[in-house]
>>> print(open('run_38.txt').read())   # compact mmCIF, C-alpha atoms and all ligand atoms
# COMPACT_ATOMS: atom_id res chain seq x y z
CA MET A 1 0.00 0.00 0.00
CA LYS A 2 1.27 3.47 -0.86
CA PRO A 3 1.71 6.00 1.97
CA LYS A 4 -1.20 8.42 2.26
CA ILE A 5 -0.69 12.14 1.78
CA LEU A 6 -2.91 15.20 1.58
CA VAL A 7 -2.43 17.92 -1.02
CA CYS A 8 -4.24 20.73 0.75
CA ARG A 9 -5.03 22.93 -2.22
CA ALA A 10 -4.93 22.84 -6.04
CA VAL A 11 -1.46 22.62 -7.60
CA PHE A 12 -0.18 21.97 -11.13
CA PRO A 13 -1.38 18.63 -12.62
CA GLU A 14 2.20 17.51 -13.31
CA VAL A 15 3.02 17.83 -9.62
CA ILE A 16 -0.01 15.75 -8.63
CA GLU A 17 1.05 13.09 -11.18
CA HIS A 18 4.56 13.07 -9.73
CA LEU A 19 3.20 12.63 -6.20
CA ALA A 20 0.63 10.03 -7.26
CA ALA A 21 3.45 7.81 -8.57
CA GLN A 22 4.68 7.47 -4.99
CA PHE A 23 1.69 8.10 -2.78
CA ASP A 24 -1.99 7.57 -2.30
CA VAL A 25 -3.02 11.22 -2.77
CA ASP A 26 -6.05 12.82 -1.13
CA TYR A 27 -6.36 15.99 -3.24
CA ASN A 28 -8.30 19.14 -2.46
CA ASP A 29 -8.51 20.35 -6.05
CA ARG A 30 -10.92 23.19 -5.26
CA ASP A 31 -8.19 25.86 -5.03
CA ALA A 32 -9.68 27.21 -1.84
CA PRO A 33 -8.24 26.54 1.59
CA LEU A 34 -9.81 23.70 3.56
CA PRO A 35 -11.63 24.95 6.67
CA PRO A 36 -9.53 24.03 9.77
CA ALA A 37 -11.90 21.25 10.89
CA GLU A 38 -11.86 19.63 7.44
CA LEU A 39 -8.08 20.00 7.20
CA ALA A 40 -7.72 18.22 10.55
CA ALA A 41 -10.18 15.48 9.55
CA ARG A 42 -8.45 14.80 6.24
CA LEU A 43 -5.03 14.71 7.91
CA ALA A 44 -6.16 12.07 10.43
CA ASP A 45 -4.75 9.11 8.44
CA LYS A 46 -1.98 10.90 6.50
CA VAL A 47 1.80 10.65 6.81
CA GLY A 48 2.53 13.76 4.78
CA ALA A 49 0.99 17.00 3.53
CA LEU A 50 1.73 19.50 0.78
CA THR A 51 0.58 22.82 2.21
CA LEU A 52 0.05 26.36 0.99
CA LEU A 53 0.27 29.60 2.96
CA SER A 54 -3.44 29.45 3.60
CA ASP A 55 -3.13 26.13 5.52
CA ARG A 56 -2.52 26.67 9.23
CA ILE A 57 -0.56 23.82 10.81
CA ASP A 58 -0.48 24.19 14.60
CA ALA A 59 -0.84 22.09 17.77
CA ALA A 60 -4.56 21.53 17.18
CA THR A 61 -4.03 20.31 13.59
CA LEU A 62 -1.16 18.08 14.70
CA ALA A 63 -3.17 16.56 17.55
CA ALA A 64 -5.64 15.36 14.92
CA ALA A 65 -2.89 13.86 12.74
CA PRO A 66 -0.99 11.27 14.81
CA ALA A 67 0.69 9.56 11.83
CA LEU A 68 2.02 12.76 10.26
CA LYS A 69 5.75 12.79 9.47
CA ALA A 70 6.21 15.78 7.15
CA VAL A 71 4.52 19.04 6.16
CA CYS A 72 5.94 20.63 3.02
CA ASN A 73 5.04 24.23 2.24
CA VAL A 74 4.82 25.53 -1.31
CA ALA A 75 6.35 28.86 -0.20
CA VAL A 76 9.57 30.17 1.22
CA GLY A 77 7.69 31.93 4.02
CA HIS A 78 6.20 29.58 6.60
CA ASN A 79 4.29 31.75 9.03
CA ASN A 80 1.32 29.41 8.47
CA PHE A 81 3.37 26.85 10.43
CA ASP A 82 3.65 26.85 14.21
CA LEU A 83 7.18 25.53 13.88
CA ALA A 84 7.64 24.97 17.62
CA ALA A 85 4.51 22.81 17.75
CA ILE A 86 5.50 20.93 14.58
CA THR A 87 8.96 20.25 16.00
CA ALA A 88 7.51 19.20 19.37
CA ALA A 89 5.36 16.69 17.47
CA GLY A 90 8.50 15.30 15.78
CA VAL A 91 7.19 16.27 12.33
CA MET A 92 9.52 17.51 9.58
CA ALA A 93 8.70 20.91 8.07
CA THR A 94 10.09 22.20 4.76
CA ASN A 95 9.82 25.32 2.57
CA THR A 96 10.95 26.37 -0.94
CA PRO A 97 13.86 28.80 -0.69
CA GLY A 98 16.03 29.83 -3.63
CA VAL A 99 13.81 29.06 -6.60
CA LEU A 100 11.75 32.24 -6.22
CA ASN A 101 14.48 34.81 -5.48
CA ASP A 102 14.85 36.33 -8.94
CA THR A 103 11.14 36.29 -9.71
CA THR A 104 10.30 38.03 -6.45
CA ALA A 105 13.07 40.57 -7.02
CA ASP A 106 11.56 41.27 -10.45
CA THR A 107 8.18 41.83 -8.80
CA ALA A 108 9.73 44.31 -6.37
CA TRP A 109 11.08 46.22 -9.36
CA ALA A 110 7.77 46.11 -11.18
CA LEU A 111 6.19 47.69 -8.11
CA ILE A 112 8.94 50.29 -7.62
CA LEU A 113 8.48 51.44 -11.22
CA ALA A 114 4.69 51.23 -11.15
CA SER A 115 4.50 53.34 -8.01
CA ALA A 116 7.13 55.88 -9.13
CA ARG A 117 5.73 56.33 -12.64
CA ARG A 118 2.05 55.93 -11.75
CA ILE A 119 1.59 53.20 -14.35
CA VAL A 120 -1.64 51.75 -12.99
CA GLY A 121 -3.45 55.08 -12.70
CA ALA A 122 -2.23 56.14 -16.15
CA ASP A 123 -3.53 52.92 -17.68
CA LYS A 124 -6.96 53.45 -16.11
CA TRP A 125 -7.01 57.04 -17.34
CA VAL A 126 -6.26 56.03 -20.93
CA ARG A 127 -8.97 53.34 -20.80
CA ALA A 128 -11.43 55.90 -19.44
CA GLY A 129 -10.86 58.05 -22.57
CA GLN A 130 -9.35 60.95 -20.63
CA TRP A 131 -6.24 61.44 -22.77
CA GLN A 132 -7.77 64.22 -24.92
CA GLY A 133 -7.43 66.85 -22.20
CA TRP A 134 -3.83 65.90 -21.34
CA LYS A 135 -1.77 68.51 -19.49
CA PHE A 136 1.89 67.82 -20.28
CA HIS A 137 3.23 69.65 -17.22
CA ASP A 138 0.63 68.40 -14.79
CA ASP A 139 -0.96 65.03 -15.52
CA TRP A 140 1.05 61.92 -14.75
CA LEU A 141 4.18 63.55 -13.49
CA GLY A 142 6.00 60.85 -11.61
CA THR A 143 9.19 60.41 -9.62
CA ASP A 144 12.57 59.42 -11.05
CA VAL A 145 13.89 56.01 -10.10
CA HIS A 146 17.30 56.41 -11.73
CA HIS A 147 19.95 57.94 -9.46
CA ALA A 148 17.60 57.78 -6.45
CA THR A 149 18.35 56.00 -3.17
CA LEU A 150 17.04 52.47 -2.81
CA GLY A 151 16.57 51.28 0.77
CA ILE A 152 16.10 47.60 1.55
CA LEU A 153 14.88 46.36 4.92
CA GLY A 154 15.73 42.66 5.20
CA MET A 155 18.77 41.76 3.12
CA GLY A 156 18.45 38.04 2.49
CA ARG A 157 18.78 36.44 -0.93
CA ILE A 158 15.80 38.30 -2.38
CA GLY A 159 16.94 41.64 -0.96
CA GLN A 160 20.34 41.11 -2.55
CA ALA A 161 18.74 40.26 -5.90
CA VAL A 162 16.74 43.51 -5.70
CA ALA A 163 19.92 45.43 -4.88
CA ARG A 164 21.87 43.97 -7.81
CA ARG A 165 19.17 45.12 -10.22
CA ALA A 166 19.57 48.70 -8.98
CA ALA A 167 22.95 49.00 -10.71
CA GLY A 168 21.27 49.53 -14.07
CA PHE A 169 19.37 52.49 -12.61
CA GLU A 170 22.61 53.90 -11.20
CA MET A 171 21.08 54.10 -7.75
CA ARG A 172 22.66 54.38 -4.34
CA VAL A 173 21.70 51.27 -2.38
CA ILE A 174 21.47 51.13 1.41
CA TYR A 175 20.07 48.35 3.56
CA HIS A 176 19.33 47.41 7.10
CA ASN A 177 19.54 43.92 8.49
CA ARG A 178 20.24 42.66 11.99
CA HIS A 179 23.72 41.70 10.79
CA PRO A 180 25.61 43.42 7.96
CA LEU A 181 26.37 41.14 5.00
CA PRO A 182 29.85 39.70 4.57
CA ALA A 183 32.00 42.21 2.66
CA ALA A 184 32.06 40.13 -0.53
CA ASP A 185 28.23 39.98 -0.66
CA GLU A 186 27.97 43.73 0.02
CA GLN A 187 30.36 44.37 -2.85
CA ALA A 188 28.45 42.05 -5.17
CA CYS A 189 25.29 44.09 -4.69
CA LYS A 190 27.02 47.45 -4.10
CA ALA A 191 24.99 48.11 -0.98
CA ASN A 192 25.90 49.70 2.32
CA TRP A 193 24.57 48.78 5.75
CA VAL A 194 22.92 51.64 7.65
CA SER A 195 20.89 51.88 10.86
CA LYS A 196 17.15 51.46 10.55
CA GLU A 197 16.73 55.18 11.35
CA GLU A 198 19.07 56.18 8.53
CA LEU A 199 17.36 53.78 6.15
CA LEU A 200 13.96 55.35 6.83
CA ARG A 201 15.33 58.87 6.58
CA GLU A 202 17.35 58.41 3.38
CA ALA A 203 15.41 55.97 1.17
CA ASP A 204 13.50 57.30 -1.83
CA PHE A 205 12.19 53.77 -2.36
CA LEU A 206 11.95 51.56 0.71
CA VAL A 207 11.52 47.87 -0.14
CA LEU A 208 10.54 45.44 2.62
CA LEU A 209 11.93 41.93 2.32
CA LEU A 210 11.85 40.55 5.84
CA PRO A 211 10.44 37.15 6.68
CA TYR A 212 7.46 37.55 9.02
CA SER A 213 7.80 36.74 12.68
CA PRO A 214 6.04 38.28 15.68
CA ALA A 215 9.29 40.22 16.35
CA VAL A 216 8.79 42.24 13.15
CA HIS A 217 5.03 42.74 13.48
CA HIS A 218 4.27 46.37 12.47
CA ILE A 219 7.98 47.13 12.16
CA VAL A 220 6.77 49.82 9.75
CA GLY A 221 4.10 51.76 11.61
CA ALA A 222 3.12 55.40 12.15
CA ALA A 223 6.48 56.46 13.62
CA GLU A 224 8.50 54.84 10.83
CA LEU A 225 6.26 56.28 8.12
CA ALA A 226 6.63 59.72 9.71
CA ALA A 227 10.42 59.33 9.56
CA MET A 228 10.34 58.71 5.78
CA LYS A 229 10.71 61.45 3.17
CA PRO A 230 7.38 62.94 2.01
CA THR A 231 8.54 62.06 -1.53
CA ALA A 232 9.31 58.41 -0.67
CA HIS A 233 7.58 55.25 -1.86
CA LEU A 234 7.09 52.11 0.24
CA ILE A 235 7.08 48.67 -1.42
CA ASN A 236 5.99 45.53 0.47
CA VAL A 237 6.60 42.21 -1.26
CA ALA A 238 7.34 40.36 1.97
CA ARG A 239 4.42 39.64 4.29
CA GLY A 240 1.30 41.25 5.60
CA GLY A 241 1.66 42.36 9.21
CA ILE A 242 5.16 43.77 8.71
CA VAL A 243 3.42 47.06 7.84
CA ASP A 244 0.69 48.52 10.02
CA ASP A 245 -1.84 48.84 7.19
CA GLY A 246 -3.99 51.36 9.09
CA ALA A 247 -1.00 53.63 9.69
CA LEU A 248 0.00 53.32 6.03
CA ILE A 249 -3.47 54.31 4.87
CA ASP A 250 -3.34 57.39 7.15
CA ALA A 251 0.10 58.32 5.75
CA LEU A 252 -1.08 57.90 2.15
CA GLN A 253 -4.28 59.86 2.77
CA GLY A 254 -2.31 62.65 4.44
CA ARG A 255 0.30 62.54 1.63
CA ARG A 256 2.96 62.08 4.31
CA ILE A 257 4.65 59.70 1.87
CA ALA A 258 4.25 59.91 -1.90
CA GLY A 259 3.12 56.42 -2.67
CA ALA A 260 3.15 52.73 -1.90
CA ALA A 261 2.90 49.44 -3.70
CA MET A 262 1.58 46.56 -1.67
CA ASP A 263 1.61 42.91 -2.69
CA VAL A 264 0.78 41.59 0.78
CA PHE A 265 -1.67 42.70 3.45
CA GLU A 266 -2.69 42.07 7.02
CA ASN A 267 -5.60 39.58 6.90
CA GLU A 268 -5.25 38.97 3.14
CA PRO A 269 -7.11 38.14 0.99
CA ALA A 270 -9.33 40.56 2.92
CA LEU A 271 -8.05 44.11 2.79
CA ASP A 272 -8.87 47.39 4.45
CA PRO A 273 -11.44 48.93 2.07
CA ARG A 274 -9.88 52.37 2.52
CA PHE A 275 -6.99 51.17 0.32
CA LEU A 276 -9.38 50.98 -2.62
CA GLY A 277 -10.16 54.70 -2.52
CA LEU A 278 -6.52 55.82 -2.66
CA ASP A 279 -4.87 56.91 -5.93
CA ASN A 280 -1.32 56.74 -4.52
CA VAL A 281 -1.15 53.03 -3.87
CA VAL A 282 -0.68 50.07 -6.23
CA LEU A 283 -2.40 46.91 -5.00
CA THR A 284 -1.46 43.40 -6.16
CA PRO A 285 -2.67 40.02 -4.84
CA HIS A 286 0.50 38.42 -3.38
CA ILE A 287 2.06 37.77 -6.80
CA GLY A 288 5.71 38.05 -5.73
CA SER A 289 6.63 34.59 -6.99
CA SER A 290 3.86 34.34 -9.53
CA THR A 291 5.30 33.29 -12.83
CA ARG A 292 4.37 29.91 -14.20
CA ALA A 293 7.98 28.74 -14.19
CA THR A 294 8.61 29.78 -10.61
CA ARG A 295 5.34 28.57 -9.12
CA LEU A 296 5.98 25.24 -10.85
CA ALA A 297 9.55 25.11 -9.51
CA MET A 298 8.23 25.82 -6.00
CA ALA A 299 5.58 23.11 -6.20
CA ARG A 300 8.12 20.61 -7.56
CA LEU A 301 10.59 21.46 -4.82
CA ALA A 302 7.91 21.04 -2.15
CA ALA A 303 6.96 17.67 -3.69
CA ASP A 304 10.64 16.61 -3.74
CA ASN A 305 10.94 17.53 -0.08
CA LEU A 306 7.87 15.45 0.72
CA ILE A 307 9.12 12.44 -1.27
CA ALA A 308 12.56 12.61 0.40
CA ALA A 309 11.06 12.94 3.88
CA LEU A 310 8.73 9.97 3.42
CA GLN A 311 11.41 7.81 1.80
CA GLY A 312 13.73 8.28 4.77
CA ARG A 313 16.08 10.74 3.05
CA ARG A 314 16.81 14.11 4.59
CA PRO A 315 14.61 16.67 2.79
CA PRO A 316 16.73 19.35 1.08
CA ASN A 317 14.91 22.24 2.74
CA LEU A 318 14.34 20.97 6.24
CA LEU A 319 13.34 23.85 8.56
CA ASN A 320 13.63 21.90 11.81
CA PRO A 321 16.76 19.71 11.64
CA GLU A 322 16.20 18.90 15.34
CA VAL A 323 13.65 16.27 14.31
CA TRP A 324 15.95 14.58 11.76
CA ARG A 325 17.18 11.24 12.99
CA GLY A 326 18.87 10.10 9.75
C1 LIG B 1 5.36 33.57 -0.86
O1 LIG B 1 4.87 34.49 -0.27
C2 LIG B 1 6.34 32.71 -0.26
O2 LIG B 1 6.59 32.83 0.94
O3 LIG B 1 6.89 31.86 -0.98
C1 LIG B 2 7.57 63.33 -24.96
O1 LIG B 2 6.85 62.49 -25.47
C2 LIG B 2 8.67 63.94 -25.64
O2 LIG B 2 8.85 63.71 -26.84
O3 LIG B 2 9.40 64.67 -24.96
>>> encode(input="run_38.txt", output="C-alpha cells")
Amino acid sequence: MKPKILVCRAVFPEVIEHLAAQFDVDYNDRDAPLPPAELAARLADKVGALTLLSDRIDAATLAAAPALKAVCNVAVGHNNFDLAAITAAGVMATNTPGVLNDTTADTAWALILASARRIVGADKWVRAGQWQGWKFHDDWLGTDVHHATLGILGMGRIGQAVARRAAGFEMRVIYHNRHPLPAADEQACKANWVSKEELLREADFLVLLLPYSPAVHHIVGAAELAAMKPTAHLINVARGGIVDDGALIDALQGRRIAGAAMDVFENEPALDPRFLGLDNVVLTPHIGSSTRATRLAMARLAADNLIAALQGRRPPNLLNPEVWRG
C-alpha cells in the first residue's frame, strides 16, 4: 500500500502526477483553503501533507494527525506553520527557498516602477478616454527612479537580488539587516549597511523583504512612516503584518509619503477597504513569486521535499533539523 498524503489545495497537474506515482493522494482540487476542521479530519490518516500559505498547521491540527511525518510548504515563508509545535510533534517541516528569489526581485522592481511612474493610474485614465485633455506639465508627473536611493529592509537572498538590479538604474543602495552582510556579498550588490533610522530617513524607495515573525510585526508603523521622506515610496513584497496597514493608509491619505505598492496585506485576501479609494497606492494580490515557471519550480521542490522525507532521506529544505534522525 502506498503512503497516504494530503495535497491541501490545487497545484499543477504535473506535480499531482509526480506525487501520485509514490503516494496515495487525497487531493483538495478546489483551489480554496480547507476549513480548519476539514483539514484536521483529512489529515487524520496521513503521513505527509503538501501545504500552501493558507493552511494553518499548529498544535490543534497536529493533535488530529498522529501519523504525520512531514509538512511541506509551497512557499519560502512559513508563518502558516507553528514551527515549535511541529517540531515538538516530531514532524519535519520544509519550505521552498532559492527558486523564487529572482522572480520576487523582479516583482519588487515592477512595483517600484509602477509606483514611481504611476503606471496603474495612467492605464486606467487612458482606458477611461481621458487622454484628450492631457496637461503635459501636470498630468502623470511621476518620480525618477534612476539615481535615487534604494533602501532595503531585510537583506536576504531576495533583498540582494533587488539590490543587484539597482545598478542599471545607477542608484545608491542602502540596507538594514540585523547583521551586515559579509563584505564580498555587500560588494556584489554594491549596498551599504545603515541603521534602521538612517534607512527610513534616506530611502527614496523603501523595499521590505523581511520574513514575518512576531518580532517584526508592524515594524513599519506610524512612527516609521513619519520618519520617511514625504517624496518616498514604500514597497511591500514580503508579508502582511510587517506594515501597520492602518498607519500606512493614514500616511497615504495625508500625503505624508508619496506612494506605496503593496503585494501583501494584514488579513489577506481581505483588505482594508480604505486602500481601494486611494490613488497613490498600487495593489497586487500576493504575486511576488507568480510566474508559471517559478510557481511550478516551488511546487516541484515542495513535492521533492515530501518524497525525500517519506522515503527516509533528509529533505533538502528541512526547517527543523532537530527532528531529523537520519
Ligand atoms: C510567498 O509568499 C512565499 O513565501 O513563498
Ligand atoms: C515626450 O513624449 C517627448 O517627446 O518629450
>>> residues_around(input="run_38.txt", residues="Leu50 (chain A)", least_positions_apart="3", cutoff="12 Å", atoms="all atoms listed in the file", output="PyMOL selection string")
chain A and resi 4-11+15-16+19+23+25-28+39+43+46-47+53-57+68-75+92-96+298-307+309
>>> residues_around(input="run_38.txt", residues="Leu150 (chain A)", least_positions_apart="2", cutoff="7 Å", atoms="only C-alpha atoms", output="list in words")
Ala148, Ile152, Met171, Arg172, Val173, Ile174, Ala203, Asp204, Phe205 and Leu206 of chain A
>>> closest_residue(input="run_38.txt", among="A:Gly259, A:Gly90, A:Pro285, A:Pro33", to="ligand LIG 1 (chain B)", atoms="all atoms listed in the file")
A:Pro285
>>> closest_residue(input="run_38.txt", among="A:Leu181, A:Asp263, A:Glu186, A:Thr294", to="Thr103 (chain A)", atoms="all atoms listed in the file")
A:Thr294
>>> atom_distance(input="run_38.txt", atom1="CA of Gly121 (chain A)", atom2="CA of Phe136 (chain A)")
15.8 Å
>>> closest_residue(input="run_38.txt", among="A:Lys196, A:Arg239, A:His78, A:Lys135", to="Asp58 (chain A)", atoms="only C-alpha atoms")
A:His78
>>> closest_residue(input="run_38.txt", among="A:Ala65, A:Ala251, A:Ile242, A:Ala222", to="Glu38 (chain A)", atoms="only C-alpha atoms")
A:Ala65
>>> closest_residue(input="run_38.txt", among="A:Val281, A:Leu296, A:Ala232, A:Ala32", to="ligand LIG 1 (chain B)", atoms="all atoms listed in the file")
A:Leu296
>>> closest_residue(input="run_38.txt", among="A:Ala84, A:Val76, A:Leu141, A:Val162", to="ligand LIG 2 (chain B)", atoms="all atoms listed in the file")
A:Leu141
>>> axis_aligned_box(input="run_38.txt", around="ligand LIG 1 (chain B)", padding_each_side="3 Å", output="lines of an AutoDock Vina configuration file")
center_x = 5.9
center_y = 33.2
center_z = 0.0
size_x = 8.0
size_y = 8.6
size_z = 7.9
>>> residues_near_point(input="run_38.txt", point="(4.4, 48.7, -9.2)", cutoff="7 Å", atoms="only C-alpha atoms", output="list in words")
Ala110, Leu111, Ile112, Leu113, Ala114, Ser115, Ala261 and Val282 of chain A
>>> atom_distance(input="run_38.txt", atom1="CA of Ile287 (chain A)", atom2="atom O2 of ligand LIG 1 (chain B)")
10.2 Å
>>> atom_distance(input="run_38.txt", atom1="CA of His217 (chain A)", atom2="CA of Leu153 (chain A)")
13.5 Å
>>> residues_around(input="run_38.txt", residues="Asn280 (chain A)", least_positions_apart="5", cutoff="7 Å", atoms="all atoms listed in the file", output="compact mmCIF listing (two decimals) with C-alpha atoms, in the frame of the given file")
# COMPACT_ATOMS: atom_id res chain seq x y z
CA LEU A 252 -1.08 57.90 2.15
CA ALA A 258 4.25 59.91 -1.90
CA GLY A 259 3.12 56.42 -2.67
CA ALA A 260 3.15 52.73 -1.90
>>> residues_near_point(input="run_38.txt", point="(-3.2, 56.3, -15.9)", cutoff="12 Å", atoms="all atoms listed in the file", output="number ranges by chain")
A: 114-115, 117-131, 134, 139-142, 279-280, 282
>>> build_atoms(input="run_38.txt", residues="region 24-34 of chain A", atoms="all heavy atoms", output="CSV table (one decimal), keeping the file's coordinate frame")
chain,number,residue,atom,x,y,z
A,24,ASP,N,-0.5,7.6,-2.2
A,24,ASP,CA,-2.0,7.6,-2.3
A,24,ASP,C,-2.4,9.0,-1.9
A,24,ASP,O,-2.3,9.4,-0.8
A,24,ASP,CB,-2.5,6.5,-1.3
A,24,ASP,CG,-4.0,6.5,-1.3
A,24,ASP,OD1,-4.7,7.3,-1.9
A,24,ASP,OD2,-4.5,5.6,-0.6
A,25,VAL,N,-2.8,9.8,-3.0
A,25,VAL,CA,-3.0,11.2,-2.8
A,25,VAL,C,-4.5,11.6,-2.5
A,25,VAL,O,-5.3,11.3,-3.4
A,25,VAL,CB,-2.5,12.0,-4.0
A,25,VAL,CG1,-2.7,13.5,-3.8
A,25,VAL,CG2,-1.1,11.7,-4.3
A,26,ASP,N,-4.8,12.2,-1.4
A,26,ASP,CA,-6.0,12.8,-1.1
A,26,ASP,C,-5.9,14.3,-1.6
A,26,ASP,O,-5.1,15.0,-1.0
A,26,ASP,CB,-6.4,12.7,0.4
A,26,ASP,CG,-7.7,13.4,0.7
A,26,ASP,OD1,-8.4,13.9,-0.2
A,26,ASP,OD2,-7.9,13.5,2.0
A,27,TYR,N,-6.6,14.7,-2.6
A,27,TYR,CA,-6.4,16.0,-3.2
A,27,TYR,C,-7.5,16.9,-3.1
A,27,TYR,O,-8.6,16.6,-3.6
A,27,TYR,CB,-6.1,15.7,-4.7
A,27,TYR,CG,-5.7,16.9,-5.6
A,27,TYR,CD1,-5.1,18.0,-5.0
A,27,TYR,CD2,-6.0,16.9,-6.9
A,27,TYR,CE1,-4.7,19.1,-5.8
A,27,TYR,CE2,-5.6,18.0,-7.7
A,27,TYR,CZ,-5.0,19.1,-7.1
A,27,TYR,OH,-4.7,20.2,-7.9
A,28,ASN,N,-7.3,18.1,-2.4
A,28,ASN,CA,-8.3,19.1,-2.5
A,28,ASN,C,-8.1,20.0,-3.7
A,28,ASN,O,-7.2,20.9,-3.7
A,28,ASN,CB,-8.2,20.0,-1.2
A,28,ASN,CG,-9.0,21.3,-1.3
A,28,ASN,OD1,-10.1,21.3,-2.0
A,28,ASN,ND2,-8.6,22.4,-0.7
A,29,ASP,N,-8.8,19.7,-4.8
A,29,ASP,CA,-8.5,20.4,-6.0
A,29,ASP,C,-9.4,21.6,-6.2
A,29,ASP,O,-9.5,22.2,-7.3
A,29,ASP,CB,-8.7,19.4,-7.2
A,29,ASP,CG,-10.2,18.9,-7.3
A,29,ASP,OD1,-11.0,19.3,-6.5
A,29,ASP,OD2,-10.5,18.1,-8.2
A,30,ARG,N,-10.0,22.0,-5.1
A,30,ARG,CA,-10.9,23.2,-5.3
A,30,ARG,C,-10.2,24.5,-5.4
A,30,ARG,O,-10.9,25.5,-5.6
A,30,ARG,CB,-11.8,23.2,-4.0
A,30,ARG,CG,-12.9,22.2,-4.0
A,30,ARG,CD,-14.1,22.6,-3.1
A,30,ARG,NE,-13.6,23.1,-1.8
A,30,ARG,CZ,-13.6,22.3,-0.7
A,30,ARG,NH1,-14.0,21.1,-0.7
A,30,ARG,NH2,-13.1,22.8,0.4
A,31,ASP,N,-8.9,24.6,-5.1
A,31,ASP,CA,-8.2,25.9,-5.0
A,31,ASP,C,-8.8,26.9,-4.1
A,31,ASP,O,-8.9,28.1,-4.4
A,31,ASP,CB,-8.0,26.5,-6.4
A,31,ASP,CG,-6.7,27.3,-6.5
A,31,ASP,OD1,-6.0,27.4,-5.4
A,31,ASP,OD2,-6.3,27.8,-7.5
A,32,ALA,N,-9.2,26.4,-3.0
A,32,ALA,CA,-9.7,27.2,-1.8
A,32,ALA,C,-9.2,26.5,-0.6
A,32,ALA,O,-9.1,25.3,-0.6
A,32,ALA,CB,-11.2,27.3,-1.8
A,33,PRO,N,-8.8,27.2,0.4
A,33,PRO,CA,-8.2,26.5,1.6
A,33,PRO,C,-9.3,25.7,2.3
A,33,PRO,O,-10.5,26.0,2.3
A,33,PRO,CB,-7.8,27.7,2.5
A,33,PRO,CG,-8.3,28.9,2.0
A,33,PRO,CD,-8.8,28.7,0.5
A,34,LEU,N,-8.9,24.5,2.8
A,34,LEU,CA,-9.8,23.7,3.6
A,34,LEU,C,-10.1,24.4,4.9
A,34,LEU,O,-9.2,24.9,5.5
A,34,LEU,CB,-9.2,22.3,3.8
A,34,LEU,CG,-8.9,21.4,2.6
A,34,LEU,CD1,-8.1,20.2,3.0
A,34,LEU,CD2,-10.2,21.0,2.0
